[in-house]
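A.B. asks: Pasting protein25.cif below, which is mmCIF, C-alpha atoms.
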data_coords
#
loop_
_atom_site.group_PDB
_atom_site.id
_atom_site.type_symbol
_atom_site.label_atom_id
_atom_site.label_comp_id
_atom_site.auth_asym_id
_atom_site.auth_seq_id
_atom_site.Cartn_x
_atom_site.Cartn_y
_atom_site.Cartn_z
ATOM 1 C CA MET A 895 6.344 131.782 70.552
ATOM 2 C CA THR A 896 4.173 128.747 71.307
ATOM 3 C CA THR A 897 2.856 126.382 68.639
ATOM 4 C CA ASP A 898 1.688 122.781 68.390
ATOM 5 C CA ILE A 899 3.511 122.316 65.087
ATOM 6 C CA PRO A 900 6.452 119.886 65.530
ATOM 7 C CA LEU A 901 9.883 120.959 64.352
ATOM 8 C CA GLY A 902 10.651 119.396 60.986
ATOM 9 C CA SER A 903 7.111 119.970 59.704
ATOM 10 C CA ARG A 904 6.454 121.624 56.359
ATOM 11 C CA VAL A 905 4.863 125.007 57.046
ATOM 12 C CA VAL A 906 3.837 128.268 55.470
ATOM 13 C CA LEU A 907 5.064 131.309 57.390
ATOM 14 C CA ARG A 908 3.503 134.735 56.815
ATOM 15 C CA TYR A 909 5.410 137.584 58.402
ATOM 16 C CA GLN A 910 5.572 141.376 58.398
ATOM 17 C CA LEU A 911 8.285 143.116 56.395
ATOM 18 C CA PRO A 912 10.172 146.136 57.741
ATOM 19 C CA PRO A 913 8.908 149.615 56.767
ATOM 20 C CA GLY A 914 9.889 150.766 53.305
ATOM 21 C CA HIS A 915 9.040 147.569 51.424
ATOM 22 C CA SER A 916 6.570 147.666 48.550
ATOM 23 C CA HIS A 917 4.182 145.398 50.462
ATOM 24 C CA PRO A 918 3.614 144.930 54.196
ATOM 25 C CA MET A 919 4.082 141.173 54.476
ATOM 26 C CA THR A 920 5.250 138.082 52.612
ATOM 27 C CA ASP A 921 5.123 134.275 52.803
ATOM 28 C CA VAL A 922 7.675 131.480 52.768
ATOM 29 C CA ILE A 923 7.043 127.731 52.528
ATOM 30 C CA GLY A 924 9.599 125.359 53.996
ATOM 31 C CA VAL A 925 10.634 123.241 56.964
ATOM 32 C CA LEU A 926 10.150 124.612 60.465
ATOM 33 C CA GLU A 927 13.497 124.501 62.283
ATOM 34 C CA SER A 928 12.886 126.722 65.328
ATOM 35 C CA VAL A 929 10.214 128.762 67.097
ATOM 36 C CA ASP A 930 12.245 130.117 70.006
ATOM 37 C CA PRO A 931 13.893 132.583 70.360
ATOM 38 C CA VAL A 932 13.226 133.240 66.659
ATOM 39 C CA VAL A 933 11.113 131.454 64.072
ATOM 40 C CA ILE A 934 13.329 129.762 61.490
ATOM 41 C CA VAL A 935 12.059 128.235 58.247
ATOM 42 C CA ARG A 936 14.316 126.587 55.665
ATOM 43 C CA ALA A 937 12.932 126.938 52.113
ATOM 44 C CA ALA A 938 13.221 124.273 49.407
ATOM 45 C CA ASP A 939 16.182 126.084 47.806
ATOM 46 C CA GLY A 940 18.125 125.872 51.083
ATOM 47 C CA SER A 941 17.721 129.527 52.022
ATOM 48 C CA VAL A 942 16.877 130.256 55.655
ATOM 49 C CA VAL A 943 14.354 132.827 56.874
ATOM 50 C CA GLU A 944 14.637 134.017 60.489
ATOM 51 C CA VAL A 945 11.763 136.079 61.898
ATOM 52 C CA ASP A 946 11.185 137.577 65.341
ATOM 53 C CA PRO A 947 7.987 136.112 66.820
ATOM 54 C CA GLU A 948 6.305 139.530 67.024
ATOM 55 C CA ARG A 949 6.538 139.849 63.233
ATOM 56 C CA VAL A 950 4.780 136.523 62.615
ATOM 57 C CA VAL A 951 1.288 136.966 61.164
ATOM 58 C CA ALA A 952 0.508 133.275 60.657
ATOM 59 C CA LEU A 953 2.283 129.933 60.913
ATOM 60 C CA LYS A 954 0.456 126.895 59.564
ATOM 61 C CA ALA A 955 1.396 123.318 58.759
ATOM 62 C CA VAL A 956 0.925 122.344 55.122
ATOM 63 C CA PRO A 957 0.868 118.884 53.557
ATOM 64 C CA ALA A 958 4.251 117.494 52.645
ATOM 65 C CA ARG A 959 5.272 117.574 48.999
ATOM 66 C CA PRO A 960 4.064 114.392 47.298
ATOM 67 C CA VAL A 961 6.782 111.757 47.100
ATOM 68 C CA ARG A 962 7.490 110.584 43.563
ATOM 69 C CA ALA A 963 7.685 106.887 42.738
ATOM 70 C CA SER A 964 11.266 107.402 41.565
ATOM 71 C CA GLU A 965 12.172 108.766 45.012
ATOM 72 C CA ILE A 966 10.643 105.715 46.698
ATOM 73 C CA ARG A 967 12.642 103.410 44.421
ATOM 74 C CA SER A 968 15.873 105.314 45.062
ATOM 75 C CA LEU A 969 15.427 105.230 48.831
ATOM 76 C CA GLU A 970 14.510 101.539 48.803
ATOM 77 C CA LEU A 971 17.613 100.743 46.737
ATOM 78 C CA ALA A 972 19.855 102.629 49.168
ATOM 79 C CA SER A 973 18.170 100.856 52.090
ATOM 80 C CA ALA A 974 18.600 97.483 50.391
ATOM 81 C CA ASP A 975 22.336 98.135 50.049
ATOM 82 C CA GLY A 976 22.413 98.931 53.761
ATOM 83 C CA TRP A 977 20.611 95.671 54.656
ATOM 84 C CA PRO A 978 21.408 93.262 51.808
ATOM 85 C CA GLY A 979 21.348 89.955 53.685
ATOM 86 C CA VAL A 980 24.123 87.514 52.902
ATOM 87 C CA GLU A 981 23.051 86.745 49.316
ATOM 88 C CA TYR A 982 21.215 88.845 46.752
ATOM 89 C CA THR A 983 20.448 88.763 43.059
ATOM 90 C CA TRP A 984 18.249 90.420 40.439
ATOM 91 C CA ILE A 985 15.504 88.339 38.830
ATOM 92 C CA ASP A 986 13.487 90.162 36.146
ATOM 93 C CA GLY A 987 13.616 93.489 37.977
ATOM 94 C CA TRP A 988 13.011 91.942 41.413
ATOM 95 C CA LEU A 989 15.793 92.274 43.992
ATOM 96 C CA ALA A 990 15.881 88.975 45.883
ATOM 97 C CA ARG A 991 17.676 88.859 49.245
ATOM 98 C CA TYR A 992 18.486 85.991 51.564
ATOM 99 C CA GLY A 993 19.711 86.238 55.156
ATOM 100 C CA HIS A 994 19.291 82.868 56.898
ATOM 101 C CA GLY A 995 15.648 83.773 57.655
ATOM 102 C CA PHE A 996 16.667 86.672 59.946
ATOM 103 C CA THR A 997 14.361 89.694 59.348
ATOM 104 C CA GLY A 998 11.797 90.153 56.627
ATOM 105 C CA ARG A 999 13.799 92.645 54.592
ATOM 106 C CA ALA A 1000 16.813 90.347 54.308
ATOM 107 C CA ASN A 1001 14.628 87.436 53.148
ATOM 108 C CA SER A 1002 12.252 88.906 50.594
ATOM 109 C CA ALA A 1003 12.057 90.036 46.982
ATOM 110 C CA ALA A 1004 11.182 93.625 46.089
ATOM 111 C CA PRO A 1005 10.213 95.163 42.707
ATOM 112 C CA LEU A 1006 13.002 97.744 42.597
ATOM 113 C CA GLY A 1007 13.995 97.554 38.942
ATOM 114 C CA ASP A 1008 13.537 100.485 36.593
ATOM 115 C CA ARG A 1009 10.021 101.275 35.458
ATOM 116 C CA GLY A 1010 8.910 98.775 32.827
ATOM 117 C CA SER A 1011 11.618 96.249 33.719
ATOM 118 C CA VAL A 1012 9.850 94.451 36.577
ATOM 119 C CA GLY A 1013 8.486 91.063 35.618
ATOM 120 C CA SER A 1014 4.829 90.300 36.308
ATOM 121 C CA LEU A 1015 3.914 87.662 38.871
ATOM 122 C CA ASP A 1016 0.557 87.010 37.252
ATOM 123 C CA ASP A 1017 2.153 84.483 34.913
ATOM 124 C CA ALA A 1018 2.754 81.243 36.834
ATOM 125 C CA SER A 1019 4.080 79.330 33.818
ATOM 126 C CA PRO A 1020 7.371 77.403 34.082
ATOM 127 C CA GLY A 1021 10.367 79.688 33.621
ATOM 128 C CA GLY A 1022 8.365 82.848 34.332
ATOM 129 C CA THR A 1023 9.311 85.465 36.909
ATOM 130 C CA LEU A 1024 7.223 83.915 39.664
ATOM 131 C CA ASP A 1025 8.639 80.469 38.988
ATOM 132 C CA ARG A 1026 12.217 81.764 39.034
ATOM 133 C CA LEU A 1027 11.710 83.618 42.308
ATOM 134 C CA ARG A 1028 10.172 80.542 43.920
ATOM 135 C CA GLU A 1029 13.088 78.431 42.723
ATOM 136 C CA TRP A 1030 15.726 80.865 44.045
ATOM 137 C CA TYR A 1031 14.230 80.845 47.536
ATOM 138 C CA ALA A 1032 13.512 77.117 47.478
ATOM 139 C CA GLU A 1033 17.223 76.501 46.830
ATOM 140 C CA ARG A 1034 17.839 78.296 50.119
ATOM 141 C CA ASP A 1035 15.051 76.456 51.935
ATOM 142 C CA ARG A 1036 12.940 79.604 52.247
ATOM 143 C CA PRO A 1037 9.401 80.377 51.047
ATOM 144 C CA LEU A 1038 8.916 83.198 48.575
ATOM 145 C CA ARG A 1039 8.093 86.409 50.409
ATOM 146 C CA LEU A 1040 7.529 89.736 48.662
ATOM 147 C CA LEU A 1041 8.262 93.225 49.959
ATOM 148 C CA ILE A 1042 5.946 95.651 48.142
ATOM 149 C CA PRO A 1043 6.638 99.397 48.561
ATOM 150 C CA ASP A 1044 3.938 101.958 47.815
ATOM 151 C CA ARG A 1045 3.490 102.612 44.075
ATOM 152 C CA LEU A 1046 6.238 100.234 42.980
ATOM 153 C CA GLY A 1047 4.117 97.119 42.668
ATOM 154 C CA GLU A 1048 0.847 95.416 43.479
ATOM 155 C CA VAL A 1049 0.250 92.514 45.827
ATOM 156 C CA PRO A 1050 -0.711 89.519 43.655
ATOM 157 C CA LEU A 1051 -4.392 88.631 43.816
ATOM 158 C CA GLY A 1052 -5.170 86.268 46.666
ATOM 159 C CA TRP A 1053 -1.807 86.598 48.433
ATOM 160 C CA ASN A 1054 -1.643 87.166 52.194
ATOM 161 C CA VAL A 1055 -0.555 90.637 53.333
ATOM 162 C CA SER A 1056 1.132 91.311 56.692
ATOM 163 C CA ASP A 1057 3.560 93.484 58.659
ATOM 164 C CA GLU A 1058 3.036 96.959 57.225
ATOM 165 C CA VAL A 1059 6.017 99.260 57.781
ATOM 166 C CA VAL A 1060 6.391 103.058 57.682
ATOM 167 C CA VAL A 1061 9.594 104.351 56.100
ATOM 168 C CA MET A 1062 10.521 107.673 57.702
ATOM 169 C CA ALA A 1063 13.079 110.028 56.181
ATOM 170 C CA ALA A 1064 14.565 113.499 56.438
ATOM 171 C CA ASP A 1065 17.166 115.848 55.062
ATOM 172 C CA ILE A 1066 19.833 115.789 57.793
ATOM 173 C CA ASP A 1067 19.950 119.595 57.793
ATOM 174 C CA ASN A 1068 16.316 119.594 58.929
ATOM 175 C CA LEU A 1069 16.843 117.316 61.932
ATOM 176 C CA ALA A 1070 17.207 118.353 65.566
ATOM 177 C CA LEU A 1071 20.500 116.628 66.381
ATOM 178 C CA PRO A 1072 22.749 116.609 69.463
ATOM 179 C CA GLU A 1073 25.452 119.248 69.539
ATOM 180 C CA GLY A 1074 28.886 119.019 71.094
ATOM 181 C CA PRO A 1075 30.999 115.886 71.697
ATOM 182 C CA ARG A 1076 29.394 112.612 70.688
ATOM 183 C CA THR A 1077 28.196 110.426 73.560
ATOM 184 C CA THR A 1078 27.974 107.344 71.347
ATOM 185 C CA THR A 1079 30.997 105.190 70.568
ATOM 186 C CA VAL A 1080 30.934 103.796 67.017
ATOM 187 C CA THR A 1081 32.843 100.693 65.912
ATOM 188 C CA ASP A 1082 33.098 98.793 62.626
ATOM 189 C CA HIS A 1083 31.649 95.527 63.934
ATOM 190 C CA PRO A 1084 29.262 94.448 66.715
ATOM 191 C CA ASP A 1085 30.913 92.750 69.683
ATOM 192 C CA PRO A 1086 29.232 90.205 72.018
ATOM 193 C CA ASP A 1087 27.969 92.918 74.400
ATOM 194 C CA TRP A 1088 26.365 94.835 71.529
ATOM 195 C CA LEU A 1089 24.730 91.659 70.232
ATOM 196 C CA ALA A 1090 23.503 90.703 73.703
ATOM 197 C CA LEU A 1091 21.607 93.986 74.168
ATOM 198 C CA TYR A 1092 19.948 94.035 70.743
ATOM 199 C CA ARG A 1093 16.661 92.109 70.815
ATOM 200 C CA TYR A 1094 14.919 91.390 67.525
ATOM 201 C CA ARG A 1095 11.166 91.463 68.166
ATOM 202 C CA GLY A 1096 11.872 90.916 71.852
ATOM 203 C CA SER A 1097 14.018 87.809 71.424
ATOM 204 C CA ALA A 1098 17.726 87.108 71.683
ATOM 205 C CA LEU A 1099 19.560 86.960 68.366
ATOM 206 C CA PRO A 1100 20.282 83.636 66.672
ATOM 207 C CA ASP A 1101 23.986 82.982 66.054
ATOM 208 C CA PHE A 1102 23.707 83.641 62.318
ATOM 209 C CA ALA A 1103 22.154 87.107 62.806
ATOM 210 C CA VAL A 1104 25.611 88.670 63.000
ATOM 211 C CA ASP A 1105 26.204 87.780 59.340
ATOM 212 C CA VAL A 1106 23.182 89.879 58.354
ATOM 213 C CA LEU A 1107 23.994 92.737 60.719
ATOM 214 C CA ASP A 1108 27.571 92.861 59.465
ATOM 215 C CA SER A 1109 26.666 93.041 55.759
ATOM 216 C CA VAL A 1110 26.566 96.120 53.546
ATOM 217 C CA ARG A 1111 26.865 96.577 49.804
ATOM 218 C CA GLY A 1112 28.961 99.463 48.543
ATOM 219 C CA GLY A 1113 28.721 101.439 51.770
ATOM 220 C CA THR A 1114 29.961 101.960 55.310
ATOM 221 C CA LEU A 1115 28.739 100.370 58.540
ATOM 222 C CA GLY A 1116 28.873 101.689 62.090
ATOM 223 C CA PHE A 1117 27.716 100.058 65.325
ATOM 224 C CA GLY A 1118 26.962 102.611 68.010
ATOM 225 C CA ARG A 1119 26.777 102.146 71.767
ATOM 226 C CA ILE A 1120 26.156 104.264 74.809
ATOM 227 C CA GLY A 1121 27.605 102.828 78.002
ATOM 228 C CA ALA A 1122 27.368 103.683 81.676
ATOM 229 C CA ALA A 1123 30.363 104.341 83.940
ATOM 230 C CA ASP A 1124 30.330 100.676 84.991
ATOM 231 C CA SER A 1125 30.543 99.620 81.316
ATOM 232 C CA THR A 1126 26.909 98.485 81.237
ATOM 233 C CA LEU A 1127 25.447 99.172 77.793
ATOM 234 C CA LEU A 1128 22.483 101.540 77.861
ATOM 235 C CA ALA A 1129 21.712 101.566 74.141
ATOM 236 C CA VAL A 1130 22.894 100.281 70.765
ATOM 237 C CA ALA A 1131 22.145 101.152 67.157
ATOM 238 C CA ARG A 1132 23.387 100.253 63.693
ATOM 239 C CA GLY A 1133 24.026 102.789 60.948
ATOM 240 C CA SER A 1134 24.714 102.195 57.261
ATOM 241 C CA VAL A 1135 25.754 104.859 54.761
ATOM 242 C CA THR A 1136 24.901 104.043 51.149
ATOM 243 C CA SER A 1137 24.234 105.967 47.950
ATOM 244 C CA ALA A 1138 20.969 106.116 45.990
ATOM 245 C CA PRO A 1139 20.567 106.387 42.196
ATOM 246 C CA ASP A 1140 19.342 109.987 42.568
ATOM 247 C CA ASP A 1141 22.738 110.928 44.105
ATOM 248 C CA ARG A 1142 21.412 111.284 47.636
ATOM 249 C CA ARG A 1143 23.543 109.609 50.251
ATOM 250 C CA TRP A 1144 21.575 108.011 53.059
ATOM 251 C CA VAL A 1145 22.399 106.982 56.583
ATOM 252 C CA GLY A 1146 19.965 104.237 57.499
ATOM 253 C CA LEU A 1147 19.221 103.550 61.150
ATOM 254 C CA THR A 1148 18.456 99.980 62.177
ATOM 255 C CA ALA A 1149 18.725 97.783 65.281
ATOM 256 C CA VAL A 1150 17.998 100.638 67.692
ATOM 257 C CA GLU A 1151 17.681 99.213 71.190
ATOM 258 C CA VAL A 1152 17.631 100.853 74.630
ATOM 259 C CA ALA A 1153 18.068 98.739 77.752
ATOM 260 C CA GLU A 1154 14.678 98.331 79.385
ATOM 261 C CA ALA A 1155 15.680 100.003 82.656
ATOM 262 C CA HIS A 1156 16.820 103.137 80.802
ATOM 263 C CA ARG A 1157 13.921 103.722 78.413
ATOM 264 C CA ARG A 1158 11.923 106.962 78.234
ATOM 265 C CA HIS A 1159 14.888 109.068 79.330
ATOM 266 C CA GLY A 1160 15.889 110.397 75.916
ATOM 267 C CA ILE A 1161 18.652 107.850 75.335
ATOM 268 C CA GLY A 1162 17.002 106.518 72.175
ATOM 269 C CA SER A 1163 16.874 110.000 70.658
ATOM 270 C CA LEU A 1164 20.473 110.613 71.714
ATOM 271 C CA ILE A 1165 21.942 107.515 70.096
ATOM 272 C CA CYS A 1166 19.899 108.068 66.921
ATOM 273 C CA GLY A 1167 21.100 111.653 66.710
ATOM 274 C CA ASP A 1168 24.703 110.607 67.267
ATOM 275 C CA MET A 1169 24.473 107.920 64.576
ATOM 276 C CA ILE A 1170 23.039 110.436 62.116
ATOM 277 C CA ASN A 1171 25.930 112.796 62.874
ATOM 278 C CA TRP A 1172 28.284 109.840 62.339
ATOM 279 C CA GLY A 1173 26.581 109.257 58.987
ATOM 280 C CA ARG A 1174 27.010 112.903 58.021
ATOM 281 C CA GLU A 1175 30.736 112.583 58.786
ATOM 282 C CA HIS A 1176 30.749 109.769 56.189
ATOM 283 C CA GLY A 1177 29.043 111.871 53.546
ATOM 284 C CA ALA A 1178 25.343 111.237 54.250
ATOM 285 C CA THR A 1179 22.945 114.027 53.290
ATOM 286 C CA HIS A 1180 19.711 112.283 54.301
ATOM 287 C CA ALA A 1181 18.581 109.848 56.991
ATOM 288 C CA CYS A 1182 15.987 107.070 56.957
ATOM 289 C CA LEU A 1183 14.606 104.269 59.091
ATOM 290 C CA GLN A 1184 11.777 101.738 59.158
ATOM 291 C CA VAL A 1185 9.114 101.462 61.866
ATOM 292 C CA ALA A 1186 6.231 99.008 62.221
ATOM 293 C CA VAL A 1187 2.904 100.780 61.665
ATOM 294 C CA GLU A 1188 1.671 99.778 65.113
ATOM 295 C CA ASN A 1189 4.784 101.126 66.898
ATOM 296 C CA GLU A 1190 3.377 104.586 67.536
ATOM 297 C CA GLY A 1191 5.811 105.342 70.356
ATOM 298 C CA ALA A 1192 8.857 104.955 68.118
ATOM 299 C CA GLN A 1193 7.226 106.983 65.361
ATOM 300 C CA ALA A 1194 6.575 109.819 67.810
ATOM 301 C CA MET A 1195 10.218 109.807 68.916
ATOM 302 C CA TYR A 1196 11.436 110.016 65.329
ATOM 303 C CA ARG A 1197 8.954 112.778 64.470
ATOM 304 C CA ASN A 1198 10.347 114.780 67.392
ATOM 305 C CA LEU A 1199 13.778 114.484 65.786
ATOM 306 C CA GLY A 1200 12.311 115.838 62.544
ATOM 307 C CA PHE A 1201 11.592 112.664 60.546
ATOM 308 C CA VAL A 1202 8.475 112.498 58.388
ATOM 309 C CA ALA A 1203 6.688 109.566 56.751
ATOM 310 C CA HIS A 1204 8.124 108.958 53.278
ATOM 311 C CA HIS A 1205 6.210 105.844 52.173
ATOM 312 C CA ARG A 1206 5.124 102.426 53.377
ATOM 313 C CA TYR A 1207 5.750 98.866 52.393
ATOM 314 C CA ARG A 1208 4.117 95.572 53.273
ATOM 315 C CA TYR A 1209 4.945 91.899 52.953
ATOM 316 C CA ALA A 1210 3.024 89.345 50.910
ATOM 317 C CA THR A 1211 3.137 85.571 50.876
ATOM 318 C CA GLU A 1212 1.386 83.007 48.731
ATOM 319 C CA PRO A 1213 -1.790 81.364 50.059
ATOM 320 C CA GLY A 1214 -0.772 78.421 52.192
ATOM 321 C CA GLY A 1215 2.842 79.602 52.204
#
Do you think you could lay out the structure here as structure tokens?
C.D. replies:
Amino acid sequence: MTTDIPLGSRVVLRYQLPPGHSHPMTDVIGVLESVDPVVIVRAADGSVVEVDPERVVALKAVPARPVRASEIRSLELASADGWPGVEYTWIDGWLARYGHGFTGRANSAAPLGDRGSVGSLDDASPGGTLDRLREWYAERDRPLRLLIPDRLGEVPLGWNVSDEVVVMAADIDNLALPEGPRTTTVTDHPDPDWLALYRYRGSALPDFAVDVLDSVRGGTLGFGRIGAADSTLLAVARGSVTSAPDDRRWVGLTAVEVAEAHRRHGIGSLICGDMINWGREHGATHACLQVAVENEGAQAMYRNLGFVAHHRYRYATEPGG
């Protein structure tokens, strides 16, 4: 059966029932897992429907179920534990992180406290939330930078907004992952070769970046690599397995890098799939990652694996900051 609907999409499948049923056909809504040799749809309750293509009456993509604000908060908290920087603290419902200035997420404050517990930044009076956040970052010689996820907070009036990011996520059972022996070798810490291949925004890593890469809070870290026969590294990736307040356990993918000479050959998908399988071995049930809005190529690769957009976040800085 041919279709333009990517695997991992939410679909409605209408198919014919065998003779003898009270009605000739029925529908199921779920995630499309296969179209060949049979059409497979996994429903929300985990049940799987397998249908021969000749029995398919209609197969259509449907909008994804709306993501609740509580789900965004839970995922962001699990992601923050997987990338906590080297220092972190709670200030009036804002999670403040510091990581020597390396990466936006490790050097920003996010409104991840429970609903109603997040202090307002509209009050600039001494001792208020805004003042305390400024002071915490000033003590570390950093400007105050906010990370604002969808529906968890508003950018303060007049602040500068930049660097919008798409958070993509999936139930691991819905992903198209490599089968058989794992090609990727996973270690507990990054070695010099791993660090040399990973380029943050196209640049070599500063010496202190390893402190951020090697940090996790209440979880497990793995540093994956795919090497050639001559020991040349073809690709690297970092995985962190952490738990969310809603009891989901996430493997977060970060620092995915393929050597320039080996790009567009499926190696990126392979190492991501292997790291997700590694995460599942450590108890992960779901997978997530962050991609810059403008990086359409990476988003397409992750959609082909079965990831879907979960929410977005953006950064905000004070005028003149």
A.B. asks: Considering only C-alpha atoms, can you say which of A:Arg908, A:Arg1174, A:Arg1009, A:Arg1157 comes closest to Glu948 in chain A?
C.D. replies: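 Comparing A:Arg908, A:Arg1174, A:Arg1009, A:Arg1157 against Glu948 in chain A, the winner is A:Arg908.
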A.B. asks: Starting from the shown file, work through the PyMOL selection byres ((chain A and resi 1102) around 12) and note down what comes out as a list in words.
C.D. replies: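 Selected by the PyMOL selection byres ((chain A and resi 1102) around 12) here: Gly979, Val980, Gly993, His994, Gly995, Phe996, Thr997, Leu1089, Ala1098, Leu1099, Pro1100, Asp1101, Ala1103, Val1104, Asp1105, Val1106, Leu1107, Asp1108 and Ser1109 of chain A.
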A.B. asks: With all atoms listed in the file as the basis for distance, which of A:Ile1170, A:Val1110, A:Leu1038, A:Val1150 is at the shortest distance from Tyr1092 in chain A?
C.D. replies: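 Checking each candidate against Tyr1092 in chain A, we get A:Val1150 as the closest.
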A.B. asks: Neighbours of Phe1117 in chain A within 9 Å (all atoms listed in the file; same-chain residues fewer than 4 positions away dropped), as a list in words?
C.D. replies: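 Using all atoms listed in the file, the neighbours found are Thr1079, Val1080, Thr1081, Asp1082, His1083, Pro1084, Trp1088, Val1130, Ala1131, Arg1132, Gly1133, Ser1134 and Met1169 of chain A.
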A.B. asks: Residues within 12 Å of (14.7, 78.5, 54.4), file coordinates, counting only C-alpha atoms: what are they? Give the list as a ChimeraX atom specification.
C.D. replies: /A:991-996,1001-1002,1028-1039
A.B. asks: Using all atoms listed in the file, which of A:Leu1147, A:Ala955, A:Val950, A:Ile1042 sits nearest Ser973 in chain A?
C.D. replies: A:Leu1147
A.B. asks: Point out the residue among A:His1180, A:Arg1095, A:Arg967, A:His1159 with the least atom-to-atom distance to Arg1142 in chain A, counting all atoms listed in the file.
C.D. replies: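 Using all atoms listed in the file, the shortest distance to Arg1142 in chain A belongs to A:His1180.
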A.B. asks: A:Gly1177, A:Gly1167, A:Gly1021, A:Gly1047: which is nearest Leu1006 in chain A, counting only C-alpha atoms?
C.D. replies: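 With only C-alpha atoms as the atom set, the closest residue is A:Gly1047.
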A.B. asks: Would you compute the distance between CA of Leu901 in chain A and CA of His1156 in chain A? Give it in Å to one decimal.
C.D. replies: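 According to the coordinates, CA of Leu901 in chain A and CA of His1156 in chain A are separated by 25.2 Å.
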A.B. asks: Find the residues near Met1195 in chain A: any atom within 10 Å, counting all atoms listed in the file, skip ones fewer than 6 places away on the same chain, and give them as a PDB file with C-alpha atoms, in the frame of the given file.
C.D. replies:
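Output below, filename part08.pdb:
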ATOM      1  CA  ARG A1158      11.923 106.962  78.234  1.00  0.00           C
ATOM      2  CA  GLY A1160      15.889 110.397  75.916  1.00  0.00           C
ATOM      3  CA  GLY A1162      17.002 106.518  72.175  1.00  0.00           C
ATOM      4  CA  SER A1163      16.874 110.000  70.658  1.00  0.00           C
ATOM      5  CA  PHE A1201      11.592 112.664  60.546  1.00  0.00           C
TER       6      PHE A1201
END
A.B. asks: Any chance you could work out the residue set of the PyMOL selection byres ((chain A and resi 959) around 12) here, as a list in words?
C.D. replies: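 On the file shown, the PyMOL selection byres ((chain A and resi 959) around 12) covers Ser903, Arg904, Val905, Ile923, Gly924, Val925, Ala938, Ala955, Val956, Pro957, Ala958, Pro960, Val961, Arg962, Glu965, Val1202, Ala1203 and His1204 of chain A.
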A.B. asks: Please indicate the distance in Å from CA of Gly1116 in chain A to CA of Glu1190 in chain A, rounded to one decimal place.
C.D. replies: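 Result for CA of Gly1116 in chain A versus CA of Glu1190 in chain A: 26.2 Å, one decimal.
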A.B. asks: Taking the file as shown, find all residues satisfying the PyMOL selection byres ((chain A and resi 952) around 12) and write them as a compact mmCIF listing (two decimals) with C-alpha atoms, in the coordinates of the input.
C.D. replies:
# COMPACT_ATOMS: atom_id res chain seq x y z
CA MET A 895 6.34 131.78 70.55
CA THR A 897 2.86 126.38 68.64
CA VAL A 905 4.86 125.01 57.05
CA VAL A 906 3.84 128.27 55.47
CA LEU A 907 5.06 131.31 57.39
CA ARG A 908 3.50 134.74 56.82
CA TYR A 909 5.41 137.58 58.40
CA GLN A 910 5.57 141.38 58.40
CA MET A 919 4.08 141.17 54.48
CA THR A 920 5.25 138.08 52.61
CA ASP A 921 5.12 134.28 52.80
CA VAL A 922 7.68 131.48 52.77
CA ILE A 923 7.04 127.73 52.53
CA VAL A 933 11.11 131.45 64.07
CA VAL A 945 11.76 136.08 61.90
CA PRO A 947 7.99 136.11 66.82
CA GLU A 948 6.30 139.53 67.02
CA ARG A 949 6.54 139.85 63.23
CA VAL A 950 4.78 136.52 62.62
CA VAL A 951 1.29 136.97 61.16
CA LEU A 953 2.28 129.93 60.91
CA LYS A 954 0.46 126.90 59.56
CA ALA A 955 1.40 123.32 58.76
A.B. asks: Can you tell me how far CA of Arg1093 in chain A sits from CA of Ala1186 in chain A, in Å to one decimal?
C.D. replies: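 Atom-to-atom, CA of Arg1093 in chain A to CA of Ala1186 in chain A, that is 15.2 Å.
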A.B. asks: The centre and edge lengths of an axis-aligned box containing all atoms of range 1135-1144 of chain A present in the file, extended by 6 Å on each side, are to be given in Å to one decimal, as JSON.
C.D. replies:
{"center_x": 22.5, "center_y": 107.7, "center_z": 48.5, "size_x": 18.4, "size_y": 19.2, "size_z": 24.6}
A.B. asks: A:Glu927, A:Glu1048, A:Asp946, A:Asp1057: which is nearest Leu1199 in chain A, counting all atoms listed in the file?
C.D. replies: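 Selected residue with least distance to Leu1199 in chain A: A:Glu927.
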